[in-house]
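Visitor: I have a structure here, written as structure tokens, and I will follow up with some questions on it.
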Amino acid sequence: MGKICRICEEETTIGTREECESCWNFYKRAYQKFHEDRDIKIEGFDDEVKLAKHLRTLYIDNKYCSYTGLEMMLRDREYTERLKVDGKEEELEQYNRKLAVLGFSIDRKISKNGDQKAPYKKDNIVLCIRAINTMKGEFKPEEFIQACYQVLAYQVENQTIFADQVLSMLRNFNVKHIEKPIIPKVEQILKEAGVYEEDFKSYREDYIKEINAKHNRKK
Ligand SMILES: [Zn+2]
């Protein structure tokens, strides 16, 4: 006879713990928020169990990062324990590195109200991957998105990266929401060229031809 997980309230085989394996992720994060030394304000959740339940609901509702659309990871403890037992240190390190980037985290959309820290409350939290949460810092969502746009537009403009590379990178990750180019300046160039993906190829080939022609002229 299994026990009932206190977060998802489903029967599990959890031994001495009070939450099942996947809910442990939500409980642990909620617990940290309630018990961290930093002065964190939480509103509308009486305790870590209530907050963990809400985090679980958010994750089940949408397991993709609110800002990047990347799939957020939950730590699989059974898997990491197995890697430890089997002495697969390299795989474990790789897994932990991936988790440090793609692990789920709680973002306060608005993190400051003037000098005051904004609270963790239902209408102010979304889930996103850890790396993005770190980058976003105290920016508001729209400021952060604008900054990302700026970085990408500048890099594309300077040809450190090509628009088609950006798209294929996003596709190689598991972004679900990218259907057309979203980069302002390049979008303009591509609109002139016809916007569709096939055109990226010829756009890039044309650019390379142009560059080669320039080099040849210099010789
Ligand atoms: Zn559970």
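Chain identifiers are assigned as A, B, and so on, following the order in which chains appear in the structure tokens; residues are numbered from 1 within each chain, and ligands are numbered from 1 in order of appearance.
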Residues at most 7 Å from ligand 1, using only C-alpha atoms and all ligand atoms? Could they come as a ChimeraX atom specification?

Guide: /A:5-10,19-23

Visitor: Could the residues in this selection be written to a file with N, CA, C and O atoms, as a CSV table (one decimal), in the first residue's frame?

Guide:
chain,number,residue,atom,x,y,z
A,5,CYS,N,1.0,11.3,-1.9
A,5,CYS,CA,1.9,12.5,-2.0
A,5,CYS,C,1.2,13.8,-1.5
A,5,CYS,O,0.0,14.0,-2.0
A,6,ARG,N,1.8,14.6,-0.7
A,6,ARG,CA,1.1,15.7,-0.2
A,6,ARG,C,1.0,16.9,-1.2
A,6,ARG,O,0.3,17.8,-1.0
A,7,ILE,N,1.7,16.7,-2.4
A,7,ILE,CA,1.6,17.8,-3.4
A,7,ILE,C,0.5,17.4,-4.4
A,7,ILE,O,-0.4,18.1,-4.6
A,8,CYS,N,0.7,16.3,-5.1
A,8,CYS,CA,-0.2,15.9,-6.2
A,8,CYS,C,-1.4,15.1,-5.6
A,8,CYS,O,-2.4,14.8,-6.3
A,9,GLU,N,-1.3,14.6,-4.4
A,9,GLU,CA,-2.3,13.8,-3.7
A,9,GLU,C,-2.6,12.5,-4.4
A,9,GLU,O,-3.7,12.0,-4.3
A,10,GLU,N,-1.6,12.0,-5.1
A,10,GLU,CA,-1.8,10.7,-5.7
A,10,GLU,C,-1.0,9.7,-5.0
A,10,GLU,O,0.0,10.0,-4.3
A,19,GLU,N,6.5,13.5,-0.4
A,19,GLU,CA,6.1,13.9,-1.7
A,19,GLU,C,6.7,12.9,-2.7
A,19,GLU,O,7.8,12.3,-2.5
A,20,CYS,N,6.1,12.7,-3.9
A,20,CYS,CA,6.6,11.8,-4.9
A,20,CYS,C,7.8,12.4,-5.6
A,20,CYS,O,8.1,13.6,-5.4
A,21,GLU,N,8.4,11.6,-6.4
A,21,GLU,CA,9.7,12.0,-7.1
A,21,GLU,C,9.5,13.3,-7.8
A,21,GLU,O,10.3,14.2,-7.6
A,22,SER,N,8.5,13.4,-8.7
A,22,SER,CA,8.5,14.7,-9.5
A,22,SER,C,8.0,15.8,-8.7
A,22,SER,O,8.5,17.0,-8.8
A,23,CYS,N,7.1,15.6,-7.7
A,23,CYS,CA,6.7,16.7,-6.8
A,23,CYS,C,7.8,17.2,-5.9
A,23,CYS,O,7.7,18.3,-5.5

Visitor: For the structure I just gave you, how does DSSP split stretch 79-130 of chain A - specifically, which residues are helix (DSSP H, G or I)? Reply as a list in words.

Guide: Tyr79, Thr80, Glu81, Arg82, Leu83, Lys84, Val85, Glu89, Glu90, Glu91, Leu92, Glu93, Gln94, Tyr95, Asn96, Arg97, Lys98, Leu99, Ala100, Val101, Leu102, Lys122, Asp123, Asn124 and Arg130 of chain A

Visitor: Output C-alpha atoms for every residue in that selection, as a PDB file, in the first residue's frame.

Guide:
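That gives us again.pdb:
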ATOM      1  CA  TYR A  79      18.635   8.811 -12.574  1.00  0.00           C
ATOM      2  CA  THR A  80      21.336  10.843 -10.815  1.00  0.00           C
ATOM      3  CA  GLU A  81      21.530   8.291  -7.983  1.00  0.00           C
ATOM      4  CA  ARG A  82      22.032   5.550 -10.543  1.00  0.00           C
ATOM      5  CA  LEU A  83      24.795   7.534 -12.255  1.00  0.00           C
ATOM      6  CA  LYS A  84      26.495   7.986  -8.864  1.00  0.00           C
ATOM      7  CA  VAL A  85      26.266   4.298  -8.014  1.00  0.00           C
ATOM      8  CA  GLU A  89      30.874  10.963 -13.148  1.00  0.00           C
ATOM      9  CA  GLU A  90      31.131  12.535 -16.561  1.00  0.00           C
ATOM     10  CA  GLU A  91      27.489  11.852 -17.395  1.00  0.00           C
ATOM     11  CA  LEU A  92      26.464  13.152 -13.994  1.00  0.00           C
ATOM     12  CA  GLU A  93      28.416  16.354 -14.519  1.00  0.00           C
ATOM     13  CA  GLN A  94      26.890  16.781 -17.956  1.00  0.00           C
ATOM     14  CA  TYR A  95      23.412  16.245 -16.525  1.00  0.00           C
ATOM     15  CA  ASN A  96      24.021  18.784 -13.767  1.00  0.00           C
ATOM     16  CA  ARG A  97      25.322  21.346 -16.239  1.00  0.00           C
ATOM     17  CA  LYS A  98      22.220  20.888 -18.373  1.00  0.00           C
ATOM     18  CA  LEU A  99      20.056  21.226 -15.289  1.00  0.00           C
ATOM     19  CA  ALA A 100      21.810  24.454 -14.306  1.00  0.00           C
ATOM     20  CA  VAL A 101      20.657  25.920 -17.613  1.00  0.00           C
ATOM     21  CA  LEU A 102      17.336  24.221 -18.290  1.00  0.00           C
ATOM     22  CA  LYS A 122      -0.019  34.077  -8.032  1.00  0.00           C
ATOM     23  CA  ASP A 123      -0.296  36.886 -10.547  1.00  0.00           C
ATOM     24  CA  ASN A 124       3.395  37.753 -10.293  1.00  0.00           C
ATOM     25  CA  ARG A 130      17.257  28.954 -14.698  1.00  0.00           C
TER      26      ARG A 130
END

Visitor: One number please: atom CA of A:Ile60 to atom CA of A:Asn25, in Å, one decimal.

Guide: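 Between atom CA of A:Ile60 and atom CA of A:Asn25 the gap works out to 12.8 Å.
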
Visitor: Would you please work out which residue, of A:Lys53, A:Lys121, A:Lys109, A:Lys41, is nearest to A:Gly137 when using only C-alpha atoms?

Guide: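 Distance minimum relative to A:Gly137 lands on A:Lys109.
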
Visitor: Can you work out which one of A:Arg75, A:Gly15, A:Gly2, A:Ser66 has the shortest atom-to-atom distance to A:Lys28, counting only C-alpha atoms?

Guide: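 For A:Lys28, the nearest of the given residues is A:Arg75.
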